[in-house]
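Containing mmCIF, C-alpha atoms: entry.cif.
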```cif
data_entry
#
loop_
_atom_site.label_atom_id
_atom_site.label_comp_id
_atom_site.auth_asym_id
_atom_site.auth_seq_id
_atom_site.Cartn_x
_atom_site.Cartn_y
_atom_site.Cartn_z
CA MET A 147 7.33 -32.94 33.56
CA ASN A 148 10.88 -32.34 32.34
CA THR A 149 12.05 -29.73 29.87
CA GLN A 150 12.01 -32.01 26.82
CA GLU A 151 8.44 -33.10 27.51
CA THR A 152 7.37 -29.47 27.83
CA LEU A 153 9.06 -28.56 24.56
CA ALA A 154 7.44 -31.56 22.85
CA GLN A 155 4.00 -30.47 24.00
CA MET A 156 4.64 -26.90 22.83
CA ARG A 157 5.58 -28.22 19.39
CA GLN A 158 2.48 -30.41 19.34
CA LEU A 159 0.36 -27.33 20.07
CA LYS A 160 2.25 -25.48 17.32
CA LEU A 161 3.49 -22.82 19.73
CA THR A 162 6.61 -22.12 17.68
CA GLY A 163 7.52 -18.84 19.33
CA MET A 164 7.11 -20.22 22.83
CA THR A 165 9.10 -23.33 21.92
CA ASP A 166 12.07 -21.38 20.60
CA ARG A 167 12.08 -18.92 23.50
CA TYR A 168 11.72 -21.62 26.19
CA SER A 169 14.47 -23.68 24.57
CA ILE A 170 16.86 -20.71 24.71
CA ILE A 171 15.89 -19.86 28.29
CA THR A 172 16.53 -23.39 29.53
CA GLN A 173 19.80 -23.73 27.60
CA LEU A 174 21.07 -20.55 29.22
CA GLY A 175 19.85 -21.69 32.61
CA GLN A 176 17.75 -18.57 33.00
CA ASP A 177 14.57 -20.43 33.97
CA THR A 178 15.82 -20.82 37.52
CA LYS A 179 16.18 -17.03 37.83
CA MET A 180 12.68 -16.15 36.59
CA ASP A 181 9.52 -15.99 38.61
CA ALA A 182 6.36 -17.49 37.10
CA HIS A 183 4.95 -14.16 35.90
CA THR A 184 8.17 -13.14 34.12
CA MET A 185 8.48 -16.56 32.49
CA ILE A 186 4.90 -16.54 31.18
CA ALA A 187 5.22 -12.96 29.96
CA SER A 188 8.40 -13.81 28.07
CA LEU A 189 6.85 -16.86 26.41
CA VAL A 190 3.65 -15.04 25.44
CA GLU A 191 5.69 -12.16 23.99
CA ALA A 192 7.71 -14.61 21.87
CA GLU A 193 4.59 -16.38 20.59
CA THR A 194 2.85 -13.09 19.74
CA LEU A 195 5.90 -11.86 17.79
CA CYS A 196 6.26 -15.17 15.97
CA ARG A 197 2.61 -15.20 14.88
CA SER A 198 2.80 -11.59 13.77
CA GLN A 199 5.84 -12.35 11.61
CA LYS A 200 4.14 -15.40 10.09
CA ARG A 201 0.99 -13.38 9.34
CA THR A 202 3.03 -10.64 7.69
CA ALA A 203 4.93 -13.16 5.55
CA LEU A 204 1.63 -14.80 4.53
CA TYR A 205 -0.02 -11.49 3.63
CA ILE A 206 2.99 -10.36 1.58
CA ASN A 207 3.03 -13.67 -0.28
CA GLN A 208 -0.71 -13.55 -0.97
CA ALA A 209 -0.55 -9.90 -2.10
CA ARG A 210 1.64 -10.88 -5.09
CA LEU A 211 3.17 -7.44 -5.26
CA ARG A 212 4.95 -6.59 -8.48
CA TYR A 213 7.94 -5.21 -6.59
CA GLN A 214 9.21 -6.27 -3.18
CA VAL A 215 10.21 -2.82 -2.01
CA SER A 216 10.23 -1.60 1.56
CA PRO A 217 8.84 1.83 2.48
CA GLU A 218 12.32 2.91 3.59
CA GLU A 219 13.57 2.61 0.01
CA ILE A 220 11.27 5.33 -1.28
CA VAL A 221 13.13 8.60 -1.84
CA CYS A 222 10.88 11.50 -0.85
CA SER A 223 11.19 15.09 -1.98
CA HIS A 224 8.94 17.93 -3.03
CA GLU A 225 10.55 17.76 -6.46
CA ARG A 226 9.31 14.16 -6.76
CA GLY A 227 5.83 15.18 -5.70
CA LEU A 228 5.86 13.27 -2.40
CA SER A 229 7.09 14.80 0.84
CA ARG A 230 8.53 12.82 3.73
CA GLU A 231 5.66 13.96 5.97
CA HIS A 232 3.05 12.75 3.50
CA TRP A 233 4.85 9.44 3.05
CA VAL A 234 4.95 8.79 6.80
CA LEU A 235 1.20 9.37 7.02
CA LEU A 236 0.56 6.98 4.15
CA CYS A 237 2.70 4.28 5.76
CA GLU A 238 0.73 4.57 8.99
CA GLY A 239 -2.24 3.19 7.06
CA THR A 240 -4.83 5.62 8.38
CA PHE A 241 -6.32 5.89 4.89
CA ILE A 242 -7.12 2.16 5.04
CA LYS A 243 -8.92 2.53 8.36
CA GLN A 244 -10.94 5.34 6.79
CA ALA A 245 -11.55 3.37 3.56
CA LYS A 246 -10.10 6.18 1.45
CA ASN A 247 -8.71 5.69 -2.04
CA ILE A 248 -5.41 6.87 -3.50
CA MET A 249 -4.78 7.81 -7.12
CA ILE A 250 -1.12 7.84 -8.13
CA THR A 251 -0.32 9.47 -11.47
CA GLY A 252 2.83 10.47 -13.27
CA PRO A 253 4.86 9.87 -16.43
CA THR A 254 6.42 6.54 -17.34
CA GLY A 255 9.35 5.80 -15.03
CA SER A 256 8.29 8.14 -12.25
CA GLY A 257 7.81 5.19 -9.89
CA LYS A 258 4.04 4.82 -9.59
CA SER A 259 4.09 1.02 -9.27
CA TRP A 260 7.15 1.24 -7.01
CA VAL A 261 5.33 3.54 -4.59
CA ALA A 262 2.09 1.54 -4.72
CA CYS A 263 3.93 -1.71 -3.91
CA ALA A 264 5.77 -0.05 -1.01
CA ILE A 265 2.42 1.05 0.43
CA GLY A 266 1.07 -2.47 -0.12
CA ARG A 267 3.99 -4.03 1.71
CA MET A 268 3.57 -1.68 4.65
CA ALA A 269 -0.16 -2.49 4.72
CA CYS A 270 0.71 -6.19 5.03
CA MET A 271 3.14 -5.41 7.84
CA ASN A 272 0.39 -3.46 9.61
CA GLY A 273 -1.95 -6.46 9.43
CA TYR A 274 -4.06 -5.54 6.38
CA LYS A 275 -4.68 -8.12 3.68
CA THR A 276 -3.72 -6.72 0.29
CA ILE A 277 -4.22 -7.71 -3.35
CA TYR A 278 -2.13 -6.33 -6.19
CA HIS A 279 -3.22 -6.55 -9.85
CA ASN A 280 -2.11 -4.78 -12.94
CA MET A 281 -5.08 -4.06 -15.17
CA ASN A 282 -4.22 -6.90 -17.57
CA ARG A 283 -4.39 -9.47 -14.79
CA PHE A 284 -7.56 -7.91 -13.42
CA VAL A 285 -9.18 -8.29 -16.85
CA GLU A 286 -8.08 -11.92 -17.11
CA GLU A 287 -9.35 -12.74 -13.63
CA VAL A 288 -12.76 -11.17 -14.27
CA LYS A 289 -13.16 -12.98 -17.59
CA ALA A 290 -12.16 -16.31 -16.03
CA ALA A 291 -14.58 -15.82 -13.13
CA LYS A 292 -17.47 -15.17 -15.49
CA LEU A 293 -16.64 -18.26 -17.54
CA THR A 294 -16.44 -20.50 -14.47
CA GLY A 295 -19.48 -19.06 -12.69
CA THR A 296 -17.42 -17.65 -9.79
CA TYR A 297 -17.93 -13.98 -10.57
CA LEU A 298 -20.06 -13.21 -7.52
CA LYS A 299 -17.54 -15.02 -5.34
CA LEU A 300 -14.78 -12.86 -6.84
CA LEU A 301 -16.72 -9.67 -6.10
CA ASP A 302 -17.22 -10.82 -2.52
CA GLN A 303 -13.50 -11.47 -2.20
CA TYR A 304 -12.67 -7.99 -3.45
CA ALA A 305 -15.25 -6.43 -1.13
CA ARG A 306 -13.54 -7.96 1.93
CA ILE A 307 -9.94 -7.00 1.07
CA PRO A 308 -8.80 -3.94 3.08
CA LEU A 309 -6.41 -2.77 0.34
CA LEU A 310 -6.70 -3.38 -3.41
CA ILE A 311 -4.04 -2.09 -5.81
CA LEU A 312 -4.89 -1.73 -9.52
CA ASP A 313 -1.78 -0.82 -11.49
CA ASP A 314 -1.41 0.76 -14.96
CA PHE A 315 -4.98 1.93 -15.42
CA GLY A 316 -5.85 3.23 -18.88
CA ILE A 317 -2.84 1.94 -20.83
CA LYS A 318 -5.02 -0.45 -22.84
CA GLN A 319 -8.63 -0.05 -23.85
CA VAL A 320 -10.85 -2.76 -22.35
CA ASP A 321 -14.37 -3.98 -23.06
CA ARG A 322 -17.35 -2.26 -21.54
CA ASP A 323 -18.12 -5.47 -19.59
CA ILE A 324 -14.81 -5.10 -17.74
CA TYR A 325 -15.62 -1.54 -16.77
CA VAL A 326 -19.02 -2.73 -15.54
CA SER A 327 -17.17 -5.24 -13.35
CA LEU A 328 -14.87 -2.48 -12.10
CA TYR A 329 -17.94 -0.44 -11.22
CA ASP A 330 -19.49 -3.42 -9.36
CA MET A 331 -16.28 -3.95 -7.42
CA LEU A 332 -15.87 -0.30 -6.43
CA GLU A 333 -19.52 -0.07 -5.45
CA ASP A 334 -19.14 -3.04 -3.10
CA ARG A 335 -15.99 -1.56 -1.57
CA ILE A 336 -17.43 1.82 -0.61
CA GLY A 337 -16.85 2.31 3.11
CA LYS A 338 -15.22 -1.13 3.42
CA GLY A 339 -11.80 -0.94 1.81
CA SER A 340 -9.25 1.27 0.12
CA THR A 341 -8.25 1.12 -3.52
CA ILE A 342 -5.01 2.41 -5.01
CA ILE A 343 -5.09 3.19 -8.74
CA THR A 344 -1.94 4.06 -10.69
CA SER A 345 -1.96 5.60 -14.14
CA GLN A 346 0.35 7.52 -16.44
CA PHE A 347 -2.63 9.68 -17.41
CA PRO A 348 -3.71 12.68 -15.31
CA VAL A 349 -7.00 12.08 -13.52
CA ALA A 350 -8.64 14.79 -15.64
CA ASN A 351 -7.97 12.63 -18.72
CA TRP A 352 -9.38 9.40 -17.31
CA TYR A 353 -12.82 10.11 -18.78
CA GLU A 354 -11.28 9.67 -22.23
CA ARG A 355 -10.54 6.02 -21.45
CA PHE A 356 -14.27 5.21 -21.32
CA GLU A 357 -16.39 4.79 -24.42
CA ASP A 358 -19.48 4.90 -22.21
CA PHE A 359 -19.27 8.34 -20.61
CA THR A 360 -22.06 7.63 -18.10
CA LEU A 361 -20.35 4.46 -16.88
CA GLY A 362 -17.00 6.24 -16.70
CA GLU A 363 -18.49 9.04 -14.67
CA ALA A 364 -20.00 6.54 -12.22
CA ILE A 365 -16.68 4.73 -11.81
CA LEU A 366 -14.66 7.90 -11.29
CA ASP A 367 -17.23 9.22 -8.84
CA ARG A 368 -16.66 6.15 -6.67
CA LEU A 369 -12.91 6.45 -6.98
CA THR A 370 -12.56 10.17 -6.34
CA GLY A 371 -15.33 10.58 -3.78
CA SER A 372 -12.99 9.71 -0.89
CA ALA A 373 -9.55 9.88 -2.43
CA GLU A 374 -6.25 11.68 -2.25
CA ARG A 375 -4.02 12.24 -5.24
CA ILE A 376 -0.29 11.76 -5.61
CA MET A 377 1.20 13.28 -8.75
CA LEU A 378 4.74 11.98 -9.17
CA LYS A 379 7.37 13.84 -11.16
CA GLY A 380 10.95 13.40 -12.22
CA THR A 381 13.04 10.44 -13.34
CA SER A 382 12.61 6.82 -12.36
CA TRP A 383 12.51 6.09 -8.63
CA ARG A 384 13.98 2.68 -9.37
CA LYS A 385 17.06 4.15 -11.07
CA GLY A 386 17.54 6.44 -8.08
CA ARG A 387 17.44 3.43 -5.79
CA ASP A 388 20.17 1.63 -7.75
CA LYS A 389 22.63 4.51 -7.55
#
```

Any chance you could put this one into structure tokens?
Amino acid sequence: MNTQETLAQMRQLKLTGMTDRYSIITQLGQDTKMDAHTMIASLVEAETLCRSQKRTALYINQARLRYQVSPEEIVCSHERGLSREHWVLLCEGTFIKQAKNIMITGPTGSGKSWVACAIGRMACMNGYKTIYHNMNRFVEEVKAAKLTGTYLKLLDQYARIPLLILDDFGIKQVDRDIYVSLYDMLEDRIGKGSTIITSQFPVANWYERFEDFTLGEAILDRLTGSAERIMLKGTSWRKGRDK
């Protein structure tokens, strides 16, 4: 079998990484200098890297993050309320493995969504499926699922997602039925996935967002039971990035 036939079969098997690497190797005439083990190792390495990059691109696209910001763009300081050491730990994704939640609070413009999206992007890069919703879109999705009879399917989808980001909690009052759905979702996710909640209100004031105090207490208990808090301060992180 000649080189072109081999490349054709690789393409047929959808081995994109192997195809590209083998094409380069043969064009450079390096195949004659490699033993079988080195050649196979090189091709497998290329295919593994290619699939990893495709998976990351797919996860980022499916996450529908509000901002496409890389973790390196986040400016860390104690004055901002987020140290470099803490940020590195968050980007490692250990909290996802442990199914812990994160609550990010701070005034308007402090960069809550910016930070949440950076964590979401890093989660995708680390191989964790992620879903981003602001609360308005979450409300719309829940209402649509109930109308179409796919509500239980939606809950199952949320239960299986390693990282769920709910942005701008508490800005608008929502119906009790939506909070019941939020409770159902959080209940299903206990021990299975991590949830990031952002809000301009301090956590101590979240109870005020619920008309049903008992329901609110149940929701916050499931959020705060295994959670860490990030309280951002200062001016907009986005403005700092543009300077």

One residue among A:Ile170, A:Val326, A:Met271, A:Ala350 is nearest to A:Asn207 when using all atoms listed in the file, and that residue is A:Met271

What residues come out when you apply the PyMOL selection byres ((chain A and resi 155-162) around 12) to this file, written as an MDAnalysis selection string?
chainID A and resid 147:154 163:169 189:200

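Atom CA of A:Gly316 is found 9.1 Å from atom CA of A:Glu354.
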
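Among the candidates A:Ile250, A:Ile324, A:Asp181, A:Ser256, the residue lying nearest to A:Glu287 is A:Ile324 (atoms considered: all atoms listed in the file).
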
Answer key for the PyMOL selection byres ((chain A and resi 247) around 7), residues as a list in words
Ala245, Lys246, Ile248, Met249, Ser340, Thr341, Ile342, Leu369, Ser372, Ala373 and Glu374 of chain A

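For the atom pair formed by atom CA of A:Pro253 and atom CA of A:Lys379, the distance is 7.1 Å, given to one decimal.
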
Evaluate the PyMOL selection byres ((chain A and resi 213) around 7) on the structure here and hand back the selected residues as number ranges by chain.
A: 211-212, 214-215, 260, 263

Go ahead and write the selection's residues with C-alpha atoms as a compact mmCIF listing (two decimals), keeping the file's coordinate frame.
```txt
# COMPACT_ATOMS: atom_id res chain seq x y z
CA LEU A 211 3.17 -7.44 -5.26
CA ARG A 212 4.95 -6.59 -8.48
CA GLN A 214 9.21 -6.27 -3.18
CA VAL A 215 10.21 -2.82 -2.01
CA TRP A 260 7.15 1.24 -7.01
CA CYS A 263 3.93 -1.71 -3.91
```

Could you tell me how far atom CA of A:Ser216 sits from atom CA of A:Ser188, in Å to one decimal place?
29.2 Å

Centre and edge lengths of an axis-aligned box around all listed atoms of stretch 226-232 of chain A, with 8 Å added on each side, are to be given in Å to one decimal, as JSON.
```
{"center_x": 6.2, "center_y": 14.0, "center_z": -0.4, "size_x": 22.3, "size_y": 18.4, "size_z": 28.7}
```

Quick one: residues within 10 Å of (-8.7, 0.1, -21.6) (file frame), counting all atoms listed in the file, please, as a PyMOL selection string.
chain A and resi 281-282+285+314-322+324-325+354-357

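When only C-alpha atoms are used to compute distances to A:Ser327, the closest of the residues A:Leu300, A:Cys222, A:Leu204, A:Ala182 turns out to be A:Leu300.
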
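The closest residue to A:Ile336, picked from A:Gly252, A:Gly227, A:Pro308, A:Gly175 and counting all atoms listed in the file, is A:Pro308.
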
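Between A:Val349 and the candidates A:Ile265, A:Met377, A:Ala203, A:Ala187, the tightest atom-to-atom separation, counting only C-alpha atoms, involves A:Met377.
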
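Proximity ranking of A:Asp334, A:Asp358, A:Asp313, A:Glu218 relative to A:Cys237 places A:Glu218 first, based on all atoms listed in the file.
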
Please identify all polymer residues within 10 Å of A:Leu301, counting all atoms listed in the file, omitting same-chain residues fewer than 5 positions from it, and present them as an mmCIF file with C-alpha atoms, keeping the file's coordinate frame.
```
data_model
loop_
_atom_site.group_PDB
_atom_site.id
_atom_site.type_symbol
_atom_site.label_atom_id
_atom_site.label_comp_id
_atom_site.auth_asym_id
_atom_site.auth_seq_id
_atom_site.Cartn_x
_atom_site.Cartn_y
_atom_site.Cartn_z
ATOM 1 C CA VAL A 288 -12.760 -11.170 -14.270
ATOM 2 C CA ALA A 291 -14.580 -15.820 -13.130
ATOM 3 C CA THR A 296 -17.420 -17.650 -9.790
ATOM 4 C CA ARG A 306 -13.540 -7.960 1.930
ATOM 5 C CA SER A 327 -17.170 -5.240 -13.350
ATOM 6 C CA LEU A 328 -14.870 -2.480 -12.100
ATOM 7 C CA ASP A 330 -19.490 -3.420 -9.360
ATOM 8 C CA MET A 331 -16.280 -3.950 -7.420
ATOM 9 C CA LEU A 332 -15.870 -0.300 -6.430
ATOM 10 C CA ASP A 334 -19.140 -3.040 -3.100
ATOM 11 C CA ARG A 335 -15.990 -1.560 -1.570
#
```

Expected file content for stretch 199-237 of chain A, N, CA and C atoms, as a PDB file, in the first residue's frame:
```
ATOM      1  N   GLN A 199      -8.830  18.832  20.911  1.00  0.00           N
ATOM      2  CA  GLN A 199      -9.127  20.179  20.435  1.00  0.00           C
ATOM      3  C   GLN A 199     -10.544  20.269  19.885  1.00  0.00           C
ATOM      4  N   LYS A 200     -10.979  19.237  19.179  1.00  0.00           N
ATOM      5  CA  LYS A 200     -12.344  19.217  18.643  1.00  0.00           C
ATOM      6  C   LYS A 200     -13.368  19.166  19.775  1.00  0.00           C
ATOM      7  N   ARG A 201     -13.075  18.348  20.795  1.00  0.00           N
ATOM      8  CA  ARG A 201     -13.990  18.239  21.932  1.00  0.00           C
ATOM      9  C   ARG A 201     -14.099  19.578  22.650  1.00  0.00           C
ATOM     10  N   THR A 202     -12.957  20.235  22.854  1.00  0.00           N
ATOM     11  CA  THR A 202     -12.972  21.526  23.527  1.00  0.00           C
ATOM     12  C   THR A 202     -13.789  22.544  22.743  1.00  0.00           C
ATOM     13  N   ALA A 203     -13.584  22.594  21.427  1.00  0.00           N
ATOM     14  CA  ALA A 203     -14.322  23.531  20.578  1.00  0.00           C
ATOM     15  C   ALA A 203     -15.826  23.241  20.635  1.00  0.00           C
ATOM     16  N   LEU A 204     -16.190  21.955  20.649  1.00  0.00           N
ATOM     17  CA  LEU A 204     -17.601  21.568  20.727  1.00  0.00           C
ATOM     18  C   LEU A 204     -18.208  21.988  22.056  1.00  0.00           C
ATOM     19  N   TYR A 205     -17.495  21.720  23.147  1.00  0.00           N
ATOM     20  CA  TYR A 205     -18.005  22.067  24.477  1.00  0.00           C
ATOM     21  C   TYR A 205     -18.177  23.574  24.634  1.00  0.00           C
ATOM     22  N   ILE A 206     -17.201  24.349  24.136  1.00  0.00           N
ATOM     23  CA  ILE A 206     -17.296  25.805  24.229  1.00  0.00           C
ATOM     24  C   ILE A 206     -18.477  26.313  23.424  1.00  0.00           C
ATOM     25  N   ASN A 207     -18.694  25.747  22.251  1.00  0.00           N
ATOM     26  CA  ASN A 207     -19.823  26.151  21.418  1.00  0.00           C
ATOM     27  C   ASN A 207     -21.151  25.808  22.081  1.00  0.00           C
ATOM     28  N   GLN A 208     -21.245  24.621  22.662  1.00  0.00           N
ATOM     29  CA  GLN A 208     -22.478  24.189  23.306  1.00  0.00           C
ATOM     30  C   GLN A 208     -22.752  24.943  24.603  1.00  0.00           C
ATOM     31  N   ALA A 209     -21.698  25.423  25.269  1.00  0.00           N
ATOM     32  CA  ALA A 209     -21.866  26.134  26.533  1.00  0.00           C
ATOM     33  C   ALA A 209     -22.602  27.454  26.342  1.00  0.00           C
ATOM     34  N   ARG A 210     -22.426  28.085  25.178  1.00  0.00           N
ATOM     35  CA  ARG A 210     -23.082  29.359  24.866  1.00  0.00           C
ATOM     36  C   ARG A 210     -22.771  30.420  25.923  1.00  0.00           C
ATOM     37  N   LEU A 211     -21.491  30.529  26.215  1.00  0.00           N
ATOM     38  CA  LEU A 211     -21.036  31.492  27.209  1.00  0.00           C
ATOM     39  C   LEU A 211     -21.315  32.925  26.749  1.00  0.00           C
ATOM     40  N   ARG A 212     -21.682  33.755  27.679  1.00  0.00           N
ATOM     41  CA  ARG A 212     -21.994  35.148  27.357  1.00  0.00           C
ATOM     42  C   ARG A 212     -20.764  35.884  26.853  1.00  0.00           C
ATOM     43  N   TYR A 213     -19.622  35.602  27.463  1.00  0.00           N
ATOM     44  CA  TYR A 213     -18.367  36.228  27.063  1.00  0.00           C
ATOM     45  C   TYR A 213     -17.338  35.147  26.748  1.00  0.00           C
ATOM     46  N   GLN A 214     -16.633  35.312  25.650  1.00  0.00           N
ATOM     47  CA  GLN A 214     -15.556  34.400  25.295  1.00  0.00           C
ATOM     48  C   GLN A 214     -14.253  34.975  25.846  1.00  0.00           C
ATOM     49  N   VAL A 215     -14.025  34.711  27.119  1.00  0.00           N
ATOM     50  CA  VAL A 215     -12.856  35.255  27.803  1.00  0.00           C
ATOM     51  C   VAL A 215     -12.010  34.108  28.328  1.00  0.00           C
ATOM     52  N   SER A 216     -10.719  34.201  28.125  1.00  0.00           N
ATOM     53  CA  SER A 216      -9.826  33.161  28.610  1.00  0.00           C
ATOM     54  C   SER A 216      -9.428  33.454  30.049  1.00  0.00           C
ATOM     55  N   PRO A 217      -9.113  32.416  30.825  1.00  0.00           N
ATOM     56  CA  PRO A 217      -8.723  32.610  32.225  1.00  0.00           C
ATOM     57  C   PRO A 217      -7.535  33.554  32.386  1.00  0.00           C
ATOM     58  N   GLU A 218      -6.649  33.604  31.384  1.00  0.00           N
ATOM     59  CA  GLU A 218      -5.473  34.460  31.484  1.00  0.00           C
ATOM     60  C   GLU A 218      -5.830  35.948  31.461  1.00  0.00           C
ATOM     61  N   GLU A 219      -7.023  36.271  30.993  1.00  0.00           N
ATOM     62  CA  GLU A 219      -7.425  37.673  30.893  1.00  0.00           C
ATOM     63  C   GLU A 219      -7.970  38.237  32.202  1.00  0.00           C
ATOM     64  N   ILE A 220      -8.197  37.373  33.177  1.00  0.00           N
ATOM     65  CA  ILE A 220      -8.718  37.835  34.457  1.00  0.00           C
ATOM     66  C   ILE A 220      -7.593  38.455  35.278  1.00  0.00           C
ATOM     67  N   VAL A 221      -7.797  39.691  35.690  1.00  0.00           N
ATOM     68  CA  VAL A 221      -6.822  40.402  36.518  1.00  0.00           C
ATOM     69  C   VAL A 221      -7.123  40.100  37.982  1.00  0.00           C
ATOM     70  N   CYS A 222      -6.169  39.484  38.656  1.00  0.00           N
ATOM     71  CA  CYS A 222      -6.367  39.076  40.050  1.00  0.00           C
ATOM     72  C   CYS A 222      -5.640  40.014  41.001  1.00  0.00           C
ATOM     73  N   SER A 223      -6.311  40.325  42.100  1.00  0.00           N
ATOM     74  CA  SER A 223      -5.686  41.114  43.166  1.00  0.00           C
ATOM     75  C   SER A 223      -6.549  40.999  44.402  1.00  0.00           C
ATOM     76  N   HIS A 224      -5.961  41.215  45.540  1.00  0.00           N
ATOM     77  CA  HIS A 224      -6.722  41.173  46.785  1.00  0.00           C
ATOM     78  C   HIS A 224      -7.724  42.319  46.837  1.00  0.00           C
ATOM     79  N   GLU A 225      -7.383  43.431  46.173  1.00  0.00           N
ATOM     80  CA  GLU A 225      -8.309  44.558  46.136  1.00  0.00           C
ATOM     81  C   GLU A 225      -9.566  44.213  45.350  1.00  0.00           C
ATOM     82  N   ARG A 226      -9.430  43.346  44.357  1.00  0.00           N
ATOM     83  CA  ARG A 226     -10.576  42.898  43.551  1.00  0.00           C
ATOM     84  C   ARG A 226     -11.403  41.836  44.262  1.00  0.00           C
ATOM     85  N   GLY A 227     -10.784  41.217  45.268  1.00  0.00           N
ATOM     86  CA  GLY A 227     -11.489  40.159  45.989  1.00  0.00           C
ATOM     87  C   GLY A 227     -11.187  38.770  45.470  1.00  0.00           C
ATOM     88  N   LEU A 228     -10.170  38.646  44.606  1.00  0.00           N
ATOM     89  CA  LEU A 228      -9.797  37.345  44.059  1.00  0.00           C
ATOM     90  C   LEU A 228      -8.282  37.297  43.894  1.00  0.00           C
ATOM     91  N   SER A 229      -7.635  36.470  44.682  1.00  0.00           N
ATOM     92  CA  SER A 229      -6.177  36.369  44.605  1.00  0.00           C
ATOM     93  C   SER A 229      -5.757  35.452  43.469  1.00  0.00           C
ATOM     94  N   ARG A 230      -4.522  35.597  43.044  1.00  0.00           N
ATOM     95  CA  ARG A 230      -3.977  34.746  41.989  1.00  0.00           C
ATOM     96  C   ARG A 230      -3.990  33.287  42.410  1.00  0.00           C
ATOM     97  N   GLU A 231      -3.669  33.010  43.670  1.00  0.00           N
ATOM     98  CA  GLU A 231      -3.631  31.631  44.162  1.00  0.00           C
ATOM     99  C   GLU A 231      -5.016  30.996  44.102  1.00  0.00           C
ATOM    100  N   HIS A 232      -6.026  31.760  44.513  1.00  0.00           N
ATOM    101  CA  HIS A 232      -7.398  31.256  44.479  1.00  0.00           C
ATOM    102  C   HIS A 232      -7.849  31.011  43.046  1.00  0.00           C
ATOM    103  N   TRP A 233      -7.479  31.921  42.153  1.00  0.00           N
ATOM    104  CA  TRP A 233      -7.874  31.793  40.751  1.00  0.00           C
ATOM    105  C   TRP A 233      -7.259  30.550  40.105  1.00  0.00           C
ATOM    106  N   VAL A 234      -6.014  30.280  40.414  1.00  0.00           N
ATOM    107  CA  VAL A 234      -5.355  29.078  39.869  1.00  0.00           C
ATOM    108  C   VAL A 234      -6.083  27.820  40.320  1.00  0.00           C
ATOM    109  N   LEU A 235      -6.472  27.779  41.581  1.00  0.00           N
ATOM    110  CA  LEU A 235      -7.198  26.616  42.106  1.00  0.00           C
ATOM    111  C   LEU A 235      -8.544  26.445  41.410  1.00  0.00           C
ATOM    112  N   LEU A 236      -9.234  27.553  41.171  1.00  0.00           N
ATOM    113  CA  LEU A 236     -10.516  27.480  40.485  1.00  0.00           C
ATOM    114  C   LEU A 236     -10.356  26.953  39.062  1.00  0.00           C
ATOM    115  N   CYS A 237      -9.310  27.410  38.383  1.00  0.00           N
ATOM    116  CA  CYS A 237      -9.082  26.995  36.998  1.00  0.00           C
ATOM    117  C   CYS A 237      -8.674  25.531  36.891  1.00  0.00           C
TER     118      CYS A 237
END
```
